[in-house]
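Shown here: model.tsv, TSV, C-alpha atoms.
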chain	number	residue	atom	x	y	z
A	518	MET	CA	73.96	4.66	57.71
A	519	GLY	CA	74.10	1.73	60.14
A	520	LEU	CA	76.74	-0.13	62.10
A	521	ASP	CA	77.06	-2.89	59.47
A	522	GLU	CA	76.06	-1.24	56.20
A	523	LEU	CA	75.55	1.97	54.23
A	524	VAL	CA	72.44	2.27	52.02
A	525	VAL	CA	72.06	4.91	49.32
A	526	THR	CA	68.63	5.20	47.72
A	527	THR	CA	67.90	7.00	44.44
A	528	MET	CA	64.99	7.04	41.97
A	529	ASP	CA	66.58	4.01	40.29
A	530	GLY	CA	66.74	1.92	43.45
A	531	ALA	CA	68.99	1.27	46.44
A	532	VAL	CA	72.69	0.43	46.65
A	533	VAL	CA	73.99	-1.35	49.76
A	534	GLU	CA	77.62	-1.30	50.91
A	535	LYS	CA	78.31	-3.92	53.58
A	536	LYS	CA	80.92	-3.47	56.27
A	537	VAL	CA	83.86	-5.85	55.77
A	538	PRO	CA	87.13	-6.30	57.68
A	539	LEU	CA	90.10	-4.65	55.98
A	540	PRO	CA	93.11	-6.88	55.29
A	541	GLU	CA	96.16	-5.94	57.36
A	542	ARG	CA	98.16	-5.16	54.23
A	543	TRP	CA	95.54	-2.55	53.28
A	544	LEU	CA	95.96	-0.82	56.61
A	545	ARG	CA	99.72	-0.69	56.15
A	546	GLY	CA	99.20	0.57	52.60
A	547	PHE	CA	96.95	3.42	53.78
A	548	ALA	CA	99.75	4.64	56.04
A	549	GLU	CA	102.45	4.33	53.37
A	550	VAL	CA	100.40	6.24	50.77
A	551	GLN	CA	100.10	9.29	53.05
A	552	VAL	CA	103.87	9.51	53.48
A	553	ILE	CA	104.64	8.87	49.80
A	554	ALA	CA	102.05	11.43	48.66
A	555	SER	CA	103.50	14.10	50.96
A	556	GLY	CA	106.72	13.91	48.90
A	557	MET	CA	104.97	14.50	45.55
A	558	ASP	CA	104.64	17.66	43.48
A	559	GLN	CA	102.31	18.44	40.59
A	560	ARG	CA	104.05	17.50	37.33
A	561	GLY	CA	101.36	18.08	34.73
A	562	GLU	CA	97.75	19.02	33.98
A	563	LEU	CA	95.25	18.61	31.17
A	564	ALA	CA	91.85	20.20	30.70
A	565	GLY	CA	88.62	18.85	29.23
A	566	MET	CA	88.83	16.68	26.14
A	567	ALA	CA	92.64	16.68	26.20
A	568	ALA	CA	92.46	14.45	29.29
A	569	VAL	CA	90.12	12.06	27.47
A	570	ARG	CA	92.44	11.81	24.46
A	571	PHE	CA	95.49	11.30	26.66
A	572	LEU	CA	94.05	8.50	28.80
A	573	ARG	CA	92.50	6.66	25.88
A	574	GLY	CA	95.72	6.92	23.90
A	575	LEU	CA	97.95	5.32	26.55
A	576	PRO	CA	99.39	1.85	25.96
A	577	ARG	CA	97.86	-0.78	28.23
A	578	ARG	CA	101.08	-2.49	29.28
A	579	GLY	CA	104.74	-1.78	29.83
A	580	THR	CA	106.28	1.29	31.46
A	581	VAL	CA	106.19	4.84	30.14
A	582	TRP	CA	107.22	8.27	31.42
A	583	VAL	CA	104.83	11.22	31.31
A	584	THR	CA	105.86	14.87	31.28
A	585	GLN	CA	104.23	18.22	30.55
A	586	ALA	CA	104.88	19.61	27.08
A	587	GLY	CA	103.10	22.93	26.59
A	588	ARG	CA	99.41	22.29	27.16
A	589	GLU	CA	99.74	18.56	26.54
A	590	LEU	CA	101.13	15.57	28.39
A	591	LYS	CA	103.86	13.81	26.45
A	592	VAL	CA	104.50	10.07	26.72
A	593	SER	CA	108.06	8.75	26.40
A	594	ASP	CA	109.49	5.23	26.52
A	595	ARG	CA	112.50	6.39	28.56
A	596	PRO	CA	113.10	8.63	31.62
A	597	VAL	CA	113.32	12.38	31.01
A	598	PRO	CA	113.83	15.22	33.51
A	599	GLY	CA	110.66	16.06	35.42
A	600	ALA	CA	108.77	13.02	34.12
A	601	VAL	CA	106.48	10.76	36.14
A	602	GLN	CA	106.95	7.02	35.76
A	603	LEU	CA	103.83	5.04	34.91
A	604	ALA	CA	104.03	1.25	34.97
A	605	ALA	CA	101.07	-0.75	33.64
A	606	PRO	CA	99.08	2.24	32.31
A	607	ASN	CA	95.91	0.11	32.17
A	608	ARG	CA	95.62	0.72	35.93
A	609	LEU	CA	94.32	4.21	35.07
A	610	GLY	CA	91.21	2.54	33.65
A	611	THR	CA	89.21	3.42	36.76
A	612	LEU	CA	89.39	7.08	35.68
A	613	LEU	CA	87.65	6.49	32.34
A	614	PRO	CA	84.01	6.28	33.55
A	615	LEU	CA	84.45	9.63	35.32
A	616	LEU	CA	85.99	11.53	32.41
A	617	ARG	CA	82.67	12.89	31.11
A	618	PHE	CA	82.23	14.71	34.42
A	619	ALA	CA	85.83	15.89	34.84
A	620	THR	CA	87.06	19.41	34.17
A	621	SER	CA	90.78	18.60	34.44
A	622	LEU	CA	93.34	15.86	35.04
A	623	ARG	CA	96.43	16.45	37.18
A	624	VAL	CA	99.43	14.19	37.65
A	625	TYR	CA	101.74	14.19	40.67
A	626	GLY	CA	105.07	12.50	41.26
A	627	PRO	CA	108.05	12.47	43.63
A	628	ASN	CA	111.66	13.30	42.82
A	629	ASP	CA	113.22	9.98	43.74
A	630	ALA	CA	110.64	7.19	43.40
A	631	ALA	CA	108.41	5.58	40.79
A	632	SER	CA	104.99	6.07	42.41
A	633	SER	CA	102.52	8.53	40.89
A	634	ALA	CA	99.12	10.05	41.64
A	635	TRP	CA	96.40	10.95	39.13
A	636	GLU	CA	93.65	13.36	40.09
A	637	LEU	CA	90.39	14.20	38.32
A	638	GLU	CA	88.74	17.50	39.19
A	639	LEU	CA	84.99	16.88	39.34
A	640	PRO	CA	82.07	19.18	40.22
A	641	GLY	CA	82.25	19.59	43.99
A	642	MET	CA	84.88	16.88	44.52
A	643	ARG	CA	88.17	15.35	43.41
A	644	TYR	CA	89.00	11.72	42.61
A	645	THR	CA	92.62	10.72	43.28
A	646	LEU	CA	94.21	7.44	42.21
A	647	THR	CA	97.69	6.73	43.61
A	648	LEU	CA	99.69	4.06	41.79
A	649	SER	CA	102.51	1.94	43.15
A	650	PRO	CA	105.77	1.63	41.18
A	651	GLU	CA	104.73	-1.70	39.61
A	652	ARG	CA	101.45	-3.49	38.92
A	653	TRP	CA	102.41	-6.36	41.24
A	654	ARG	CA	103.87	-4.13	43.94
A	655	GLY	CA	101.56	-2.79	46.62
A	656	PHE	CA	102.19	0.07	49.04
A	657	SER	CA	102.19	-2.04	52.20
A	658	GLY	CA	105.86	-3.02	51.82
A	659	GLU	CA	107.33	0.30	50.70
A	660	GLY	CA	108.81	1.12	54.13
A	661	ALA	CA	108.30	4.88	53.87
A	662	VAL	CA	107.07	5.15	57.46
A	663	LEU	CA	109.66	2.96	59.19
A	664	ASP	CA	112.20	5.60	60.20
A	665	ASP	CA	109.57	7.77	61.86
A	666	LEU	CA	107.91	4.80	63.56
A	667	SER	CA	111.22	3.70	65.07
A	668	THR	CA	111.79	6.86	67.14
A	669	ASP	CA	110.50	7.31	70.69
A	670	GLU	CA	110.63	11.08	70.15
A	671	ALA	CA	108.13	10.90	67.29
A	672	GLU	CA	105.82	8.77	69.41
A	673	ASP	CA	105.77	11.38	72.18
A	674	ASP	CA	105.44	14.21	69.67
A	675	ALA	CA	102.50	12.43	68.00
A	676	ASP	CA	100.64	12.40	71.31
A	677	VAL	CA	101.11	16.17	71.65
A	678	VAL	CA	100.34	17.01	68.02
A	679	GLY	CA	97.34	14.67	68.05
A	680	MET	CA	95.77	16.62	70.89
A	681	LEU	CA	96.14	19.84	68.87
A	682	LEU	CA	94.29	18.52	65.82
A	683	ASN	CA	90.72	19.76	65.46
A	684	PHE	CA	89.48	18.25	62.19
A	685	GLU	CA	91.09	21.03	60.16
A	686	PRO	CA	90.73	20.54	56.38
A	687	GLU	CA	94.35	21.75	56.12
A	688	VAL	CA	96.96	21.15	58.82
A	689	GLU	CA	99.50	24.00	59.05
A	690	ILE	CA	102.84	22.51	60.09
A	691	SER	CA	104.36	25.82	61.19
A	692	LEU	CA	101.35	26.56	63.40
A	693	LEU	CA	101.47	23.09	64.95
A	694	ALA	CA	105.21	23.48	65.57
A	695	ALA	CA	104.62	26.77	67.39
A	696	ARG	CA	101.77	25.37	69.47
A	697	ALA	CA	103.61	22.16	70.36
A	698	GLY	CA	106.96	23.88	70.97
A	699	ILE	CA	108.87	21.54	68.62
A	700	SER	CA	110.54	21.87	65.22
A	701	ALA	CA	108.73	21.52	61.89
A	702	ASP	CA	110.72	18.34	61.12
A	703	ARG	CA	109.51	16.77	64.37
A	704	VAL	CA	105.94	17.74	63.50
A	705	ARG	CA	106.30	16.01	60.11
A	706	ALA	CA	107.55	12.85	61.83
A	707	ALA	CA	104.65	13.04	64.27
A	708	LEU	CA	102.21	13.39	61.35
A	709	THR	CA	103.68	10.21	59.87
A	710	ARG	CA	102.86	8.35	63.06
A	711	LEU	CA	99.38	9.89	63.12
A	712	GLY	CA	98.92	8.83	59.50
A	713	VAL	CA	99.72	5.24	60.48
A	714	ALA	CA	97.15	5.55	63.27
A	715	GLY	CA	94.51	6.63	60.74
A	716	ARG	CA	94.26	10.15	62.17
A	717	VAL	CA	95.90	12.14	59.36
A	718	GLY	CA	95.62	12.03	55.59
A	719	TYR	CA	97.36	14.00	52.83
A	720	ASP	CA	95.63	16.11	50.17
A	721	LEU	CA	97.76	16.40	47.03
A	722	SER	CA	95.74	19.26	45.55
A	723	GLU	CA	96.18	21.38	48.68
A	724	ALA	CA	99.71	20.05	49.36
A	725	ALA	CA	98.76	19.67	53.01
A	726	HIS	CA	97.80	17.12	55.66
A	727	PHE	CA	94.26	17.03	57.01
A	728	HIS	CA	92.74	15.61	60.18
A	729	ARG	CA	90.56	12.51	59.97
A	730	GLU	CA	89.78	9.51	62.15
A	731	LEU	CA	89.78	6.04	60.59
A	732	PRO	CA	88.23	3.27	62.71
A	733	TYR	CA	91.17	1.04	63.52
A	734	ASP	CA	93.56	0.44	66.39
A	735	LYS	CA	96.65	2.64	66.00
A	736	ASP	CA	98.84	0.43	68.20
A	737	HIS	CA	97.92	-2.66	66.17
A	738	VAL	CA	98.75	-0.98	62.85
A	739	ILE	CA	102.18	0.13	64.07
A	740	LEU	CA	102.94	-3.46	65.02
A	741	LEU	CA	102.05	-4.61	61.48
A	742	ASN	CA	105.47	-3.46	60.21
A	743	PRO	CA	107.54	-6.65	60.46
A	744	ARG	CA	110.87	-4.98	59.64
A	745	LEU	CA	110.46	-2.61	62.55
A	746	ALA	CA	109.45	-5.44	64.89
A	747	ARG	CA	112.53	-7.45	63.86
A	748	ALA	CA	114.79	-4.41	64.24
A	749	ARG	CA	113.59	-3.87	67.79
A	750	LYS	CA	114.26	-7.54	68.58
A	751	LEU	CA	117.83	-7.08	67.36
A	752	VAL	CA	118.21	-4.05	69.62
A	753	GLU	CA	116.78	-5.90	72.61
A	754	ALA	CA	119.16	-8.80	71.96
A	755	GLY	CA	122.18	-6.46	72.02
A	756	ALA	CA	123.03	-7.44	68.45
A	757	VAL	CA	124.14	-3.94	67.38
A	758	ARG	CA	127.69	-2.64	67.85
A	759	LEU	CA	128.34	0.98	66.87
A	760	GLU	CA	131.65	1.88	65.22
A	761	GLY	CA	131.62	5.62	64.47
A	762	GLU	CA	129.56	6.22	61.33
A	763	SER	CA	129.12	2.47	60.85
A	764	ALA	CA	127.67	-0.42	62.80
A	765	THR	CA	127.90	-4.19	62.90
A	766	VAL	CA	124.65	-6.10	63.41
A	767	ARG	CA	124.89	-9.72	64.52
A	768	THR	CA	122.21	-12.04	63.08
A	769	SER	CA	121.65	-15.78	62.82
A	770	GLY	CA	122.88	-15.58	59.23
A	771	GLY	CA	126.10	-13.79	60.12
A	772	GLU	CA	127.21	-10.22	60.70
A	773	ARG	CA	125.87	-7.34	58.63
A	774	ARG	CA	127.77	-4.09	58.11
A	775	VAL	CA	125.66	-0.93	58.16
A	776	SER	CA	126.61	2.58	57.08
A	777	LEU	CA	124.75	5.13	59.16
A	778	ALA	CA	125.70	7.88	56.73
A	779	ASP	CA	123.86	6.56	53.67
A	780	GLY	CA	121.71	3.78	55.15
A	781	SER	CA	123.37	1.01	53.16
A	782	CYS	CA	123.83	-2.55	54.40
A	783	THR	CA	125.55	-5.77	53.33
A	784	CYS	CA	122.33	-7.82	53.61
A	785	GLU	CA	120.39	-9.30	50.70
A	786	TRP	CA	117.46	-6.90	51.20
A	787	TRP	CA	119.61	-3.84	50.61
A	788	TRP	CA	121.34	-5.33	47.59
A	789	ASP	CA	117.95	-6.20	46.06
A	790	HIS	CA	116.26	-2.83	46.69
A	791	ARG	CA	119.08	-0.30	47.33
A	792	GLY	CA	116.88	1.72	49.69
A	793	SER	CA	113.98	2.05	47.23
A	794	ARG	CA	111.64	0.27	49.66
A	795	GLY	CA	112.80	1.84	52.90
A	796	PRO	CA	115.56	0.73	55.30
A	797	CYS	CA	116.22	-2.92	56.11
A	798	LYS	CA	115.88	-4.26	59.67
A	799	HIS	CA	119.65	-3.97	60.25
A	800	VAL	CA	119.74	-0.27	59.31
A	801	LEU	CA	116.68	0.39	61.46
A	802	ALA	CA	118.26	-1.38	64.44
A	803	ALA	CA	121.52	0.54	64.02
A	804	ARG	CA	119.68	3.88	63.83
A	805	ILE	CA	117.68	3.09	66.97
A	806	VAL	CA	120.86	2.30	68.91
A	807	ALA	CA	122.67	5.35	67.48
A	808	ARG	CA	119.85	7.68	68.55
A	809	ALA	CA	119.84	6.14	72.02
A	810	ALA	CA	123.61	6.67	72.28
A	811	VAL	CA	123.22	10.35	71.38
A	812	GLU	CA	120.53	10.79	74.02
A	813	VAL	CA	122.74	9.18	76.70
A	814	SER	CA	125.68	11.45	75.84
A	815	ARG	CA	123.61	14.63	76.26
With the file now loaded, output its structure as structure tokens.
Amino acid sequence: MGLDELVVTTMDGAVVEKKVPLPERWLRGFAEVQVIASGMDQRGELAGMAAVRFLRGLPRRGTVWVTQAGRELKVSDRPVPGAVQLAAPNRLGTLLPLLRFATSLRVYGPNDAASSAWELELPGMRYTLTLSPERWRGFSGEGAVLDDLSTDEAEDDADVVGMLLNFEPEVEISLLAARAGISADRVRAALTRLGVAGRVGYDLSEAAHFHRELPYDKDHVILLNPRLARARKLVEAGAVRLEGESATVRTSGGERRVSLADGSCTCEWWWDHRGSRGPCKHVLAARIVARAAVEVSR
């Protein structure tokens, strides 16, 4: 293992992996996946040859819903309770070469989104493939981390929690909360920020975070979220006016009305996505100002 490459040598020869710069969207995607995965539960499992039959029997295109039915996974062309949405099933093709080594296949999904995760249990390891809601839709723009990144409290908490990490294979939130003297919810927000910084990952099989250190600049990655950067500019410009549970945000394109209660907005972004890809810049700005107002009143 060198600074610029990794070489693996076997009886059949050598394989060289060269070091390459990661695109910025990949870095943002890494952070988003950790947060999205932490909201998933196991929804189904297949063993042995049943996993082979299931994967090879999937349609290549379109969108299907997968749910557990006895010892099998059932595929439906419409949503059903407890099902996991799977768009462009051909994306699971990377699992096929590993099937002859796998002992089981598990599928994970969240309650309120269309992402999914597919995990092969292999001898001594697991292979996990997390899929975005659509073939054309990456994780870098999902906005799952934006609320936690926008709080000064989470930034301070992340510094404290980060010092308590010790490369544990499983991070215990209750233990961290006791050690740091903060609530479990604040620890979760801090772990989001640490995930963005490349210091925390999420293991679906264990349903727990784990400590790791990825080699990139945490401050740079946080700045890669353009919606958050624009929201902070709106705050700095004094463009937000609070009105009880609502707010008016002044922009170059006119005023936007924000509901703090449900996170809705009158902008085009909200009408296009309805919160499915995180809050818009106006909602973020309003929440930042609202939190600051609460702190001042204390």
### Long-range neighbours of A:Lys536 as an MDAnalysis selection string, 8 Å cut-off, only C-alpha atoms, 2 positions minimum in chain
chainID A and resid 520:523 534 538
Edge lengths and centre in Å, axis-aligned, stretch 798-809 of chain A plus 3 Å each side, as AutoDock Vina command-line options:
--center_x 119.3 --center_y 1.7 --center_z 65.7 --size_x 12.8 --size_y 17.9 --size_z 18.7
### Task
Write out as a ChimeraX atom specification which residues come within 12 Å of stretch 773-776 of chain A when counting all atoms listed in the file, dropping same-chain ones fewer than 4 positions away.
/A:751,756-769,780-787,796-804,807
### Task
Name all residues at most 7 Å from A:Ser633 (count only C-alpha atoms; drop same-chain ones fewer than 5 positions away) and give them as JSON, numbers by chain.
{"A": [601, 602, 625, 626, 647, 648, 649]}
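Put simply, atom CA of A:Thr645 is 9.5 Å away from atom CA of A:Val624.
Each of A:Arg716, A:Ser691, A:Gly795, A:Asn607 was checked against A:Asn742 using all atoms listed in the file; the smallest atom-to-atom distance is that of A:Gly795.
With atom CA of A:Ile805 on one side and atom CA of A:Ala706 on the other, the separation reads 15.0 Å.
Note that atom CA of A:Val552 and atom CA of A:Ser621 are 24.8 Å apart.
Comparing the minimum interatomic distances between A:His728 and each of A:Ala694, A:Leu639, A:Leu682, A:Ala714, counting all atoms listed in the file, we find that A:Leu682 sits nearest.
Nearest to A:Ala605 of all the residues A:Pro576, A:Ala619, A:Val592, A:Leu711 is A:Pro576, based on all atoms listed in the file.
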Add whatever atoms are absent from stretch 771-797 of chain A to reach N, CA and C atoms, and provide the output as a PDB file, keeping the file's coordinate frame.
ATOM      1  N   GLY A 771     124.789 -14.405  60.160  1.00  0.00           N
ATOM      2  CA  GLY A 771     126.100 -13.790  60.120  1.00  0.00           C
ATOM      3  C   GLY A 771     126.023 -12.305  60.439  1.00  0.00           C
ATOM      4  N   GLU A 772     127.166 -11.643  60.389  1.00  0.00           N
ATOM      5  CA  GLU A 772     127.210 -10.220  60.700  1.00  0.00           C
ATOM      6  C   GLU A 772     126.904  -9.374  59.465  1.00  0.00           C
ATOM      7  N   ARG A 773     126.200  -8.276  59.700  1.00  0.00           N
ATOM      8  CA  ARG A 773     125.870  -7.340  58.630  1.00  0.00           C
ATOM      9  C   ARG A 773     126.513  -5.994  58.948  1.00  0.00           C
ATOM     10  N   ARG A 774     127.145  -5.397  57.942  1.00  0.00           N
ATOM     11  CA  ARG A 774     127.770  -4.090  58.110  1.00  0.00           C
ATOM     12  C   ARG A 774     126.824  -3.009  57.615  1.00  0.00           C
ATOM     13  N   VAL A 775     126.600  -2.006  58.456  1.00  0.00           N
ATOM     14  CA  VAL A 775     125.660  -0.930  58.160  1.00  0.00           C
ATOM     15  C   VAL A 775     126.402   0.400  58.126  1.00  0.00           C
ATOM     16  N   SER A 776     126.108   1.214  57.121  1.00  0.00           N
ATOM     17  CA  SER A 776     126.610   2.580  57.080  1.00  0.00           C
ATOM     18  C   SER A 776     125.506   3.509  57.544  1.00  0.00           C
ATOM     19  N   LEU A 777     125.750   4.200  58.651  1.00  0.00           N
ATOM     20  CA  LEU A 777     124.750   5.130  59.160  1.00  0.00           C
ATOM     21  C   LEU A 777     124.645   6.370  58.292  1.00  0.00           C
ATOM     22  N   ALA A 778     125.690   6.670  57.554  1.00  0.00           N
ATOM     23  CA  ALA A 778     125.700   7.880  56.730  1.00  0.00           C
ATOM     24  C   ALA A 778     124.727   7.797  55.564  1.00  0.00           C
ATOM     25  N   ASP A 779     124.737   6.665  54.850  1.00  0.00           N
ATOM     26  CA  ASP A 779     123.860   6.560  53.670  1.00  0.00           C
ATOM     27  C   ASP A 779     122.796   5.475  53.799  1.00  0.00           C
ATOM     28  N   GLY A 780     122.747   4.784  54.940  1.00  0.00           N
ATOM     29  CA  GLY A 780     121.710   3.780  55.150  1.00  0.00           C
ATOM     30  C   GLY A 780     121.893   2.513  54.354  1.00  0.00           C
ATOM     31  N   SER A 781     123.118   2.233  53.915  1.00  0.00           N
ATOM     32  CA  SER A 781     123.370   1.010  53.160  1.00  0.00           C
ATOM     33  C   SER A 781     123.703  -0.139  54.106  1.00  0.00           C
ATOM     34  N   CYS A 782     123.601  -1.358  53.586  1.00  0.00           N
ATOM     35  CA  CYS A 782     123.830  -2.550  54.400  1.00  0.00           C
ATOM     36  C   CYS A 782     124.369  -3.658  53.506  1.00  0.00           C
ATOM     37  N   THR A 783     125.010  -4.646  54.110  1.00  0.00           N
ATOM     38  CA  THR A 783     125.550  -5.770  53.330  1.00  0.00           C
ATOM     39  C   THR A 783     124.558  -6.924  53.241  1.00  0.00           C
ATOM     40  N   CYS A 784     123.304  -6.729  53.663  1.00  0.00           N
ATOM     41  CA  CYS A 784     122.330  -7.820  53.610  1.00  0.00           C
ATOM     42  C   CYS A 784     121.701  -7.931  52.221  1.00  0.00           C
ATOM     43  N   GLU A 785     120.999  -9.037  51.999  1.00  0.00           N
ATOM     44  CA  GLU A 785     120.390  -9.300  50.700  1.00  0.00           C
ATOM     45  C   GLU A 785     119.290  -8.277  50.380  1.00  0.00           C
ATOM     46  N   TRP A 786     118.539  -7.856  51.420  1.00  0.00           N
ATOM     47  CA  TRP A 786     117.460  -6.900  51.200  1.00  0.00           C
ATOM     48  C   TRP A 786     117.986  -5.615  50.579  1.00  0.00           C
ATOM     49  N   TRP A 787     119.085  -5.089  51.136  1.00  0.00           N
ATOM     50  CA  TRP A 787     119.610  -3.840  50.610  1.00  0.00           C
ATOM     51  C   TRP A 787     120.141  -4.023  49.202  1.00  0.00           C
ATOM     52  N   TRP A 788     120.806  -5.115  48.934  1.00  0.00           N
ATOM     53  CA  TRP A 788     121.340  -5.330  47.590  1.00  0.00           C
ATOM     54  C   TRP A 788     120.232  -5.505  46.563  1.00  0.00           C
ATOM     55  N   ASP A 789     119.079  -6.044  46.989  1.00  0.00           N
ATOM     56  CA  ASP A 789     117.950  -6.200  46.060  1.00  0.00           C
ATOM     57  C   ASP A 789     117.237  -4.883  45.788  1.00  0.00           C
ATOM     58  N   HIS A 790     117.096  -4.020  46.817  1.00  0.00           N
ATOM     59  CA  HIS A 790     116.260  -2.830  46.690  1.00  0.00           C
ATOM     60  C   HIS A 790     117.017  -1.504  46.757  1.00  0.00           C
ATOM     61  N   ARG A 791     118.239  -1.508  47.279  1.00  0.00           N
ATOM     62  CA  ARG A 791     119.080  -0.300  47.330  1.00  0.00           C
ATOM     63  C   ARG A 791     118.350   0.893  47.950  1.00  0.00           C
ATOM     64  N   GLY A 792     117.557   0.641  48.998  1.00  0.00           N
ATOM     65  CA  GLY A 792     116.880   1.720  49.690  1.00  0.00           C
ATOM     66  C   GLY A 792     115.583   2.174  49.049  1.00  0.00           C
ATOM     67  N   SER A 793     115.197   1.603  47.916  1.00  0.00           N
ATOM     68  CA  SER A 793     113.980   2.050  47.230  1.00  0.00           C
ATOM     69  C   SER A 793     112.718   1.634  47.958  1.00  0.00           C
ATOM     70  N   ARG A 794     112.821   0.701  48.904  1.00  0.00           N
ATOM     71  CA  ARG A 794     111.640   0.270  49.660  1.00  0.00           C
ATOM     72  C   ARG A 794     111.868   0.456  51.157  1.00  0.00           C
ATOM     73  N   GLY A 795     112.563   1.540  51.501  1.00  0.00           N
ATOM     74  CA  GLY A 795     112.800   1.840  52.900  1.00  0.00           C
ATOM     75  C   GLY A 795     113.997   1.085  53.451  1.00  0.00           C
ATOM     76  N   PRO A 796     114.383   1.364  54.696  1.00  0.00           N
ATOM     77  CA  PRO A 796     115.560   0.730  55.300  1.00  0.00           C
ATOM     78  C   PRO A 796     115.286  -0.733  55.668  1.00  0.00           C
ATOM     79  N   CYS A 797     116.339  -1.533  55.669  1.00  0.00           N
ATOM     80  CA  CYS A 797     116.220  -2.920  56.110  1.00  0.00           C
ATOM     81  C   CYS A 797     116.201  -2.959  57.644  1.00  0.00           C
TER      82      CYS A 797
END
